[in-house]
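Asks: Before I ask anything, here is the structure I am working with.
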Amino acid sequence: MQDNKSQPFISAVCVLSAAVLVLGQFTVNFAGIFADGGLYSDGVFTMSAPSVLAGALALTAVCAVIFAAAKLYRGGKTAVIVFAALALILRVFFVFLWKIEPESDFLITYDLSRMLAGIPFREWGAALAKSGTIYTGQWSAHMPFVIYQTLILKIFGESALAVRLVNAVFSALTCVFAADTARRISGEKAGFVTLFITAVNPLSLFFIPVLTNQHAATCFFMAAAWTIYSKPVKNKYINAALCGALTAVSHLLRPEMYVVIIAAAVIAVAEGAGERRIIKNAARFAVFAAVFFAVLFAADGVLSANKITNQSVLSGNLKYKIAVGLNAETTGTWSEPDAELIFDEEKCGEAIEERLEEPAKIAPLIIKKLAYQFGSFVYTWSMKNDFISNEIYRRLSSAVMAVAGICAAITLLLGRERRKKIFPLAVILALYMAAFAVIEVQPRYNYLLVPLIIIIASGLFTSQTAE
């Protein structure tokens with residue numbers, strides 16, 4: 001448990017995280033619930049009596065269903081097994097029901113995977129060099145995901161369906177890991193509520209057909225978070241090593257786990273109370289970080305030795321991400337002119353310096369970015385220009401995450417004991433918020449944090465003692 005000296009820090013982390021969640025729900029996500037149907041199809045925010053009524057109905061229905069599920073749950077494993085199975089069934093159903101063809105980066109990585117799946121491993125390096133793809137150089141950090149898809153295609157045949165079905169399995173497992181994490185933090189009812197929300201969340205269901213690296217990466221991230229609370233092995237150092245390995249796999253699939261490494265260091269310091277505990281925490285963190293980087297360096301070495309990449313997969317193009325994130329004209333989002341900065345590090349640095357020359361713009365930019373990043377729970381990649389996307393998916397997804405976001409904010413603001421239990425997750429959430437205040441933002445970048453927000457939110461449904 002944390003010592004008394006760390007309580008102000010814990011409180012600050014929880015209060016600031018709650019403030020950002022509230023900001024997002026009452027600005028951008030408010031529009032997602034109540035705006036007219038042209039919000040995403042036309043990019044125009046307007047409200048009318050019918051749109052407000054539709055939003056109110058969606059929000060009321062979501063609240064009623066979530067709280068009814070919590071009220072009706074009576075414990076036991078049957079309901080958990082049923083909804084774990086439902087999570088998978090719904091995802092498989094959406095794989096077949098919701099047809100989303102790969103485009104942009106998703107299409108490029110899929111085509112690369114198809115190419116590699118059709119040739120022997122020893123020819124991969126030459127084939128990639130001939131293709132001239134950016135994924136062996138500037139975006140080599142994403143090459144492990146290309147290989148992930150390649151392995152699926154080699155095993156199950158060259159069809160996007162196989163990749164989507166494997167992604168559906170990982171997404172369903174994410175629900176299970178999130179639910180058991182919530183159970184260990186806040187009790188059985190909280191675990192069931194987490195499983196229920198994550199299983200039926202429209203945000204995940206409509207996103208499943210998109211060939212993104214986020215499905216599997218989020219699963220391994222949640223598995224790592226689960227090890228923090230479940231301690232599956234008695235030896236603390238083996239647990240730390242397991243957590244490091246799972247975090248590393250998540251990072252290889254999608255390079256965004258450096259924030260978790262920083263969070264682990266912060267947690268180790270904040271949870272220290274007395275010299276012996278500080279030493280033990282430091283030792284566990286050292287094991288965690290050592291395994292994490294060992295896995296990354298090993299993967300990097302294999303890819304480099306076989307000429308599959310010519311730039312380290314450990315490179316995250318942070319300078320480019322910061323340059324884009326500091327662009328006040330685009331509110332820190334991707335743009336065609338900024339995309340060219342990835343090829344010129346010097347221009348990237350110049351863009352950062354230029355965008356920092358007007359400090360008065362920085363604070364408003366950060367507020368807008370955080371509201372956008374933590375209030376946008378509709379991903380245009382999984383939308384079509386139809387009634388289902390613009391009225392059903394958009395309103396229900398926004399409503400579900402509004403309930404989760406507000407409940408999570410309340411949980412973060414509640415008493416000292418509850419804050420202690422959720423502190424590791426709160427630190428991870430807070431540090432991602434800090435990162436997005438600086439780097440590029442895009443709605444789907446919050447996908448990793450959706451189960452984490454729901455876990456924290458489920459703290460309001462505590463009725464039984466957690467382990």
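Just remember, in the structure tokens the first chain shown is A, the second B, etc., residues are 1-based per chain, and ligands are 1-based in the order shown.
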Can you pull out every residue within 8 Å of Lys369 (chain A), counting only C-alpha atoms, but drop anything in the same chain fewer than 4 positions away, and send it as a ChimeraX atom specification?
Replies: /A:331-332,365,373,436-437,441
Asks: Out of A:Val403, A:Ala12, A:Ala430, A:Ala18, which residue has the shortest atom-to-atom distance to Ile197 (chain A) when counting only C-alpha atoms?
Replies: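 Among A:Val403, A:Ala12, A:Ala430, A:Ala18, it is A:Val403 that comes nearest to Ile197 (chain A).
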Asks: For the atom pair CA of Phe96 (chain A) and CA of Thr109 (chain A), what is the interatomic distance in Å to one decimal place?
Replies: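 Spanning CA of Phe96 (chain A) to CA of Thr109 (chain A) is a straight-line distance of 21.1 Å.
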Asks: Can you tell me, as a ChimeraX atom specification, what residues are no more than 9 Å from Val22 (chain A) when counting only C-alpha atoms, ignoring any on the same chain fewer than 2 positions away?
Replies: /A:17-20,24-27,371,374-375,402,405-406,409
Asks: Those same residues - all heavy atoms - I'd like them written as an mmCIF file, in the first residue's frame.
Replies:
data_model
loop_
_atom_site.group_PDB
_atom_site.id
_atom_site.type_symbol
_atom_site.label_atom_id
_atom_site.label_comp_id
_atom_site.auth_asym_id
_atom_site.auth_seq_id
_atom_site.Cartn_x
_atom_site.Cartn_y
_atom_site.Cartn_z
ATOM 1 N N SER A 17 -6.922 13.280 -13.822
ATOM 2 C CA SER A 17 -7.459 12.309 -14.784
ATOM 3 C C SER A 17 -8.978 12.428 -14.885
ATOM 4 O O SER A 17 -9.550 12.395 -15.979
ATOM 5 C CB SER A 17 -7.086 10.880 -14.367
ATOM 6 O OG SER A 17 -5.697 10.716 -14.326
ATOM 7 N N ALA A 18 -9.615 12.583 -13.731
ATOM 8 C CA ALA A 18 -11.073 12.746 -13.713
ATOM 9 C C ALA A 18 -11.483 14.010 -14.460
ATOM 10 O O ALA A 18 -12.477 14.014 -15.209
ATOM 11 C CB ALA A 18 -11.575 12.800 -12.269
ATOM 12 N N ALA A 19 -10.720 15.096 -14.274
ATOM 13 C CA ALA A 19 -11.039 16.362 -14.937
ATOM 14 C C ALA A 19 -10.996 16.219 -16.455
ATOM 15 O O ALA A 19 -11.865 16.746 -17.166
ATOM 16 C CB ALA A 19 -10.067 17.446 -14.473
ATOM 17 N N VAL A 20 -9.991 15.504 -16.969
ATOM 18 C CA VAL A 20 -9.875 15.311 -18.415
ATOM 19 C C VAL A 20 -11.037 14.465 -18.939
ATOM 20 O O VAL A 20 -11.608 14.757 -20.000
ATOM 21 C CB VAL A 20 -8.526 14.665 -18.779
ATOM 22 C CG1 VAL A 20 -8.482 14.291 -20.259
ATOM 23 C CG2 VAL A 20 -7.383 15.611 -18.449
ATOM 24 N N GLY A 24 -13.855 15.743 -21.685
ATOM 25 C CA GLY A 24 -14.158 15.046 -22.933
ATOM 26 C C GLY A 24 -15.633 14.706 -23.084
ATOM 27 O O GLY A 24 -16.202 14.836 -24.169
ATOM 28 N N GLN A 25 -16.264 14.297 -21.969
ATOM 29 C CA GLN A 25 -17.666 13.862 -22.060
ATOM 30 C C GLN A 25 -18.614 15.028 -22.303
ATOM 31 O O GLN A 25 -19.614 14.879 -22.998
ATOM 32 C CB GLN A 25 -18.079 13.115 -20.783
ATOM 33 C CG GLN A 25 -17.203 11.949 -20.387
ATOM 34 C CD GLN A 25 -16.659 11.167 -21.561
ATOM 35 O OE1 GLN A 25 -17.406 10.681 -22.388
ATOM 36 N NE2 GLN A 25 -15.332 11.061 -21.634
ATOM 37 N N PHE A 26 -18.312 16.184 -21.726
ATOM 38 C CA PHE A 26 -19.237 17.312 -21.828
ATOM 39 C C PHE A 26 -18.912 18.253 -22.989
ATOM 40 O O PHE A 26 -19.526 19.317 -23.103
ATOM 41 C CB PHE A 26 -19.274 18.086 -20.502
ATOM 42 C CG PHE A 26 -20.055 17.377 -19.436
ATOM 43 C CD1 PHE A 26 -19.405 16.610 -18.482
ATOM 44 C CD2 PHE A 26 -21.438 17.446 -19.416
ATOM 45 C CE1 PHE A 26 -20.126 15.930 -17.506
ATOM 46 C CE2 PHE A 26 -22.168 16.768 -18.445
ATOM 47 C CZ PHE A 26 -21.513 16.013 -17.483
ATOM 48 N N THR A 27 -17.986 17.858 -23.814
ATOM 49 C CA THR A 27 -17.686 18.664 -25.009
ATOM 50 C C THR A 27 -17.858 17.806 -26.256
ATOM 51 O O THR A 27 -18.944 17.758 -26.823
ATOM 52 C CB THR A 27 -16.255 19.242 -24.935
ATOM 53 O OG1 THR A 27 -15.314 18.166 -24.683
ATOM 54 C CG2 THR A 27 -16.126 20.280 -23.832
ATOM 55 N N ALA A 371 -9.763 17.234 -24.886
ATOM 56 C CA ALA A 371 -11.209 17.078 -25.044
ATOM 57 C C ALA A 371 -11.511 16.193 -26.248
ATOM 58 O O ALA A 371 -12.393 15.314 -26.195
ATOM 59 C CB ALA A 371 -11.865 18.449 -25.202
ATOM 60 N N PHE A 374 -10.211 12.411 -25.548
ATOM 61 C CA PHE A 374 -10.939 11.653 -24.533
ATOM 62 C C PHE A 374 -12.442 11.940 -24.552
ATOM 63 O O PHE A 374 -13.146 11.683 -23.584
ATOM 64 C CB PHE A 374 -10.337 11.925 -23.150
ATOM 65 C CG PHE A 374 -8.965 11.334 -23.012
ATOM 66 C CD1 PHE A 374 -7.835 12.067 -23.356
ATOM 67 C CD2 PHE A 374 -8.805 10.023 -22.607
ATOM 68 C CE1 PHE A 374 -6.565 11.506 -23.272
ATOM 69 C CE2 PHE A 374 -7.548 9.453 -22.525
ATOM 70 C CZ PHE A 374 -6.418 10.196 -22.857
ATOM 71 N N GLY A 375 -12.892 12.467 -25.702
ATOM 72 C CA GLY A 375 -14.318 12.642 -25.910
ATOM 73 C C GLY A 375 -14.766 12.073 -27.231
ATOM 74 O O GLY A 375 -15.954 12.082 -27.551
ATOM 75 N N ALA A 402 -19.813 7.721 -22.560
ATOM 76 C CA ALA A 402 -20.155 8.831 -21.668
ATOM 77 C C ALA A 402 -20.440 8.300 -20.269
ATOM 78 O O ALA A 402 -19.951 8.847 -19.268
ATOM 79 C CB ALA A 402 -21.356 9.590 -22.209
ATOM 80 N N GLY A 405 -17.114 7.066 -18.890
ATOM 81 C CA GLY A 405 -16.237 8.184 -18.558
ATOM 82 C C GLY A 405 -16.650 8.906 -17.295
ATOM 83 O O GLY A 405 -15.814 9.216 -16.436
ATOM 84 N N ILE A 406 -17.950 9.174 -17.143
ATOM 85 C CA ILE A 406 -18.435 9.867 -15.947
ATOM 86 C C ILE A 406 -18.298 8.975 -14.711
ATOM 87 O O ILE A 406 -17.878 9.440 -13.639
ATOM 88 C CB ILE A 406 -19.900 10.314 -16.137
ATOM 89 C CG1 ILE A 406 -20.002 11.354 -17.250
ATOM 90 C CG2 ILE A 406 -20.456 10.878 -14.831
ATOM 91 C CD1 ILE A 406 -19.170 12.606 -17.016
ATOM 92 N N ALA A 409 -14.714 8.950 -13.720
ATOM 93 C CA ALA A 409 -14.347 10.210 -13.061
ATOM 94 C C ALA A 409 -14.815 10.215 -11.608
ATOM 95 O O ALA A 409 -14.074 10.623 -10.702
ATOM 96 C CB ALA A 409 -14.950 11.392 -13.818
#
Asks: Which residue out of A:Thr309, A:Leu112, A:Lys368, A:Val176 has the minimum interatomic distance to Phe196 (chain A) when only C-alpha atoms are used?
Replies: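 Ranked by minimum distance to Phe196 (chain A), first place goes to A:Val176.
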Asks: Please list as a list in words every residue within 9 Å of Pro102 (chain A), counting only C-alpha atoms and excluding residues in the same chain fewer than 5 positions away.
Replies: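 Selected residues are Leu107, Ile108, Tyr110, Ala160, Pro209, Val210 and Leu211 of chain A.
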Asks: Hey, what does DSSP flag as alpha helix (DSSP H) within region 47-213 of chain A? Can you give it to me as a PyMOL selection string?
Replies: chain A and resi 49-72+77-97+104-117+124-131+143-156+160-186+188-200+202-207
Asks: Pick out the closest residue to Glu417 (chain A) from this set: A:Ala360, A:Ile185, A:Gly137, A:Ser171. Count only C-alpha atoms.
Replies: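 Residue with the minimum atom-to-atom distance to Glu417 (chain A): A:Ile185.
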Asks: List as a list in words the protein and nucleic acid residues near Phe288 (chain A), meaning an atom at most 7 Å away when only C-alpha atoms are counted, but skip any in the same chain fewer than 4 places from it.
Replies: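 My reading of the contact set: Ala240, Ala241, Cys243, Gly244, Arg284 and Phe292 of chain A.
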Asks: Go through A:Ala61, A:Val313, A:Met433, A:Ala49 and flag the residue nearest Ile366 (chain A), using only C-alpha atoms for the distances.
Replies: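 The answer is A:Met433, which sits nearest to Ile366 (chain A).
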Asks: Hey, which bits of region 124-193 of chain A sit within 9 Å of region 248-269 of chain A, and for each residue what's the closest pair of atoms and how far apart in Å (one decimal), counting only C-alpha atoms, rows by chain and increasing number, as a Markdown table?
Replies:
| residue | atom | partner | partner_atom | distance |
| --- | --- | --- | --- | --- |
| A:Ala141 | CA | A:Pro255 | CA | 6.5 |
| A:His142 | CA | A:Arg254 | CA | 6.6 |
| A:Met143 | CA | A:Leu253 | CA | 8.3 |
| A:Pro144 | CA | A:Leu252 | CA | 5.8 |
| A:Phe145 | CA | A:Leu253 | CA | 4.8 |
| A:Val146 | CA | A:Leu253 | CA | 8.6 |
| A:Tyr148 | CA | A:Leu253 | CA | 7.7 |
Asks: Give me, please, the distance in Å between CA of Leu39 (chain A) and CA of Ser204 (chain A), quoted to one decimal.
Replies: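 Distance between the two atoms: 20.2 Å.
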Asks: Identify which of the residues A:Asn446, A:Asn167, A:Asn327, A:Phe423 lies closest to Leu370 (chain A), counting only C-alpha atoms when measuring atom-to-atom distances.
Replies: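 The shortest atom-to-atom distance to Leu370 (chain A) comes from A:Asn446.
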Asks: For Met383 (chain A), which residue among A:Ile208, A:Leu449, A:Ile279, A:Leu242 is the nearest when counting only C-alpha atoms?
Replies: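 Between A:Ile208, A:Leu449, A:Ile279, A:Leu242, the residue approaching Met383 (chain A) most closely is A:Ile208.
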Asks: So the first atom is CA of Ala305 (chain A) and the second is CA of Phe121 (chain A); what is the distance between them in Å, to one decimal place?
Replies: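 Atom-to-atom, CA of Ala305 (chain A) and CA of Phe121 (chain A) are spaced 12.6 Å apart.
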Asks: For Glu340 (chain A), work out the shell of residues within 12 Å, counting only C-alpha atoms and skipping chain neighbours fewer than 5 positions away, then give it as a list in words.
Replies: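 Within the cut-off, the hits are Gln138, Tyr320, Ala323, Val324, Trp334, Ser335, Glu345, Glu346, Lys347, Cys348 and Ala351 of chain A.
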Asks: How would the residues just chosen look if you wrote them out with all heavy atoms as a PDB file, in the first residue's frame?
Replies:
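As written to disk, selection_26.pdb reads:
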ATOM      1  N   GLN A 138      11.152   4.385 -42.113  1.00  0.00           N
ATOM      2  CA  GLN A 138      10.588   5.345 -41.182  1.00  0.00           C
ATOM      3  C   GLN A 138       9.539   4.747 -40.241  1.00  0.00           C
ATOM      4  O   GLN A 138       9.435   5.137 -39.084  1.00  0.00           O
ATOM      5  CB  GLN A 138       9.965   6.528 -41.945  1.00  0.00           C
ATOM      6  CG  GLN A 138      10.975   7.493 -42.524  1.00  0.00           C
ATOM      7  CD  GLN A 138      11.449   7.046 -43.904  1.00  0.00           C
ATOM      8  OE1 GLN A 138      11.151   5.916 -44.337  1.00  0.00           O
ATOM      9  NE2 GLN A 138      12.170   7.908 -44.597  1.00  0.00           N
ATOM     10  N   TYR A 320       8.524  13.551 -34.858  1.00  0.00           N
ATOM     11  CA  TYR A 320       7.453  13.766 -35.843  1.00  0.00           C
ATOM     12  C   TYR A 320       6.097  13.849 -35.149  1.00  0.00           C
ATOM     13  O   TYR A 320       5.274  14.724 -35.456  1.00  0.00           O
ATOM     14  CB  TYR A 320       7.458  12.632 -36.869  1.00  0.00           C
ATOM     15  CG  TYR A 320       6.196  12.547 -37.696  1.00  0.00           C
ATOM     16  CD1 TYR A 320       5.964  13.448 -38.734  1.00  0.00           C
ATOM     17  CD2 TYR A 320       5.227  11.575 -37.434  1.00  0.00           C
ATOM     18  CE1 TYR A 320       4.798  13.376 -39.492  1.00  0.00           C
ATOM     19  CE2 TYR A 320       4.071  11.499 -38.183  1.00  0.00           C
ATOM     20  CZ  TYR A 320       3.859  12.408 -39.210  1.00  0.00           C
ATOM     21  OH  TYR A 320       2.710  12.334 -39.938  1.00  0.00           O
ATOM     22  N   ALA A 323       5.790  17.182 -33.486  1.00  0.00           N
ATOM     23  CA  ALA A 323       5.595  18.259 -34.468  1.00  0.00           C
ATOM     24  C   ALA A 323       4.133  18.317 -34.913  1.00  0.00           C
ATOM     25  O   ALA A 323       3.539  19.400 -34.986  1.00  0.00           O
ATOM     26  CB  ALA A 323       6.504  18.041 -35.671  1.00  0.00           C
ATOM     27  N   VAL A 324       3.547  17.160 -35.188  1.00  0.00           N
ATOM     28  CA  VAL A 324       2.142  17.115 -35.590  1.00  0.00           C
ATOM     29  C   VAL A 324       1.250  17.552 -34.433  1.00  0.00           C
ATOM     30  O   VAL A 324       0.302  18.328 -34.609  1.00  0.00           O
ATOM     31  CB  VAL A 324       1.756  15.696 -36.048  1.00  0.00           C
ATOM     32  CG1 VAL A 324       0.248  15.606 -36.327  1.00  0.00           C
ATOM     33  CG2 VAL A 324       2.540  15.307 -37.295  1.00  0.00           C
ATOM     34  N   TRP A 334      -3.390  14.757 -37.787  1.00  0.00           N
ATOM     35  CA  TRP A 334      -2.608  14.508 -38.999  1.00  0.00           C
ATOM     36  C   TRP A 334      -3.056  15.433 -40.129  1.00  0.00           C
ATOM     37  O   TRP A 334      -4.236  15.764 -40.256  1.00  0.00           O
ATOM     38  CB  TRP A 334      -2.784  13.058 -39.432  1.00  0.00           C
ATOM     39  CG  TRP A 334      -1.987  12.676 -40.651  1.00  0.00           C
ATOM     40  CD1 TRP A 334      -0.725  12.167 -40.669  1.00  0.00           C
ATOM     41  CD2 TRP A 334      -2.408  12.759 -42.027  1.00  0.00           C
ATOM     42  NE1 TRP A 334      -0.326  11.919 -41.966  1.00  0.00           N
ATOM     43  CE2 TRP A 334      -1.337  12.283 -42.820  1.00  0.00           C
ATOM     44  CE3 TRP A 334      -3.576  13.194 -42.648  1.00  0.00           C
ATOM     45  CZ2 TRP A 334      -1.407  12.217 -44.206  1.00  0.00           C
ATOM     46  CZ3 TRP A 334      -3.648  13.143 -44.034  1.00  0.00           C
ATOM     47  CH2 TRP A 334      -2.568  12.660 -44.803  1.00  0.00           C
ATOM     48  N   SER A 335      -2.091  15.856 -40.940  1.00  0.00           N
ATOM     49  CA  SER A 335      -2.402  16.637 -42.136  1.00  0.00           C
ATOM     50  C   SER A 335      -1.416  16.270 -43.235  1.00  0.00           C
ATOM     51  O   SER A 335      -0.313  15.774 -42.956  1.00  0.00           O
ATOM     52  CB  SER A 335      -2.324  18.142 -41.849  1.00  0.00           C
ATOM     53  OG  SER A 335      -0.997  18.527 -41.539  1.00  0.00           O
ATOM     54  N   GLU A 345      14.160  15.018 -40.729  1.00  0.00           N
ATOM     55  CA  GLU A 345      14.254  15.263 -39.286  1.00  0.00           C
ATOM     56  C   GLU A 345      14.585  16.713 -38.972  1.00  0.00           C
ATOM     57  O   GLU A 345      14.111  17.265 -37.970  1.00  0.00           O
ATOM     58  CB  GLU A 345      15.309  14.332 -38.670  1.00  0.00           C
ATOM     59  CG  GLU A 345      15.258  14.317 -37.155  1.00  0.00           C
ATOM     60  CD  GLU A 345      16.066  13.179 -36.565  1.00  0.00           C
ATOM     61  OE1 GLU A 345      16.219  12.139 -37.227  1.00  0.00           O
ATOM     62  OE2 GLU A 345      16.533  13.349 -35.433  1.00  0.00           O
ATOM     63  N   GLU A 346      15.376  17.340 -39.838  1.00  0.00           N
ATOM     64  CA  GLU A 346      15.737  18.741 -39.600  1.00  0.00           C
ATOM     65  C   GLU A 346      14.504  19.643 -39.696  1.00  0.00           C
ATOM     66  O   GLU A 346      14.283  20.512 -38.846  1.00  0.00           O
ATOM     67  CB  GLU A 346      16.790  19.190 -40.624  1.00  0.00           C
ATOM     68  CG  GLU A 346      17.346  20.576 -40.332  1.00  0.00           C
ATOM     69  CD  GLU A 346      18.469  20.963 -41.285  1.00  0.00           C
ATOM     70  OE1 GLU A 346      19.127  20.056 -41.852  1.00  0.00           O
ATOM     71  OE2 GLU A 346      18.694  22.181 -41.448  1.00  0.00           O
ATOM     72  N   LYS A 347      13.688  19.432 -40.730  1.00  0.00           N
ATOM     73  CA  LYS A 347      12.462  20.215 -40.868  1.00  0.00           C
ATOM     74  C   LYS A 347      11.488  19.918 -39.731  1.00  0.00           C
ATOM     75  O   LYS A 347      10.718  20.785 -39.307  1.00  0.00           O
ATOM     76  CB  LYS A 347      11.801  19.912 -42.215  1.00  0.00           C
ATOM     77  CG  LYS A 347      12.498  20.563 -43.404  1.00  0.00           C
ATOM     78  CD  LYS A 347      11.713  20.322 -44.686  1.00  0.00           C
ATOM     79  CE  LYS A 347      12.394  21.010 -45.870  1.00  0.00           C
ATOM     80  NZ  LYS A 347      11.653  20.795 -47.139  1.00  0.00           N
ATOM     81  N   CYS A 348      11.531  18.691 -39.258  1.00  0.00           N
ATOM     82  CA  CYS A 348      10.684  18.293 -38.139  1.00  0.00           C
ATOM     83  C   CYS A 348      11.048  19.127 -36.904  1.00  0.00           C
ATOM     84  O   CYS A 348      10.172  19.669 -36.223  1.00  0.00           O
ATOM     85  CB  CYS A 348      10.899  16.809 -37.851  1.00  0.00           C
ATOM     86  SG  CYS A 348       9.462  15.972 -37.204  1.00  0.00           S
ATOM     87  N   ALA A 351       9.927  22.708 -37.319  1.00  0.00           N
ATOM     88  CA  ALA A 351       8.483  22.846 -37.127  1.00  0.00           C
ATOM     89  C   ALA A 351       8.145  22.900 -35.643  1.00  0.00           C
ATOM     90  O   ALA A 351       7.295  23.697 -35.214  1.00  0.00           O
ATOM     91  CB  ALA A 351       7.756  21.688 -37.790  1.00  0.00           C
TER      92      ALA A 351
END
Asks: Using only C-alpha atoms, which protein or nucleic acid residues come within 9 Å of Lys154 (chain A)? Drop anything in the same chain fewer than 2 positions from it, and give the result as a ChimeraX atom specification.
Replies: /A:114,116-118,149-152,156-158
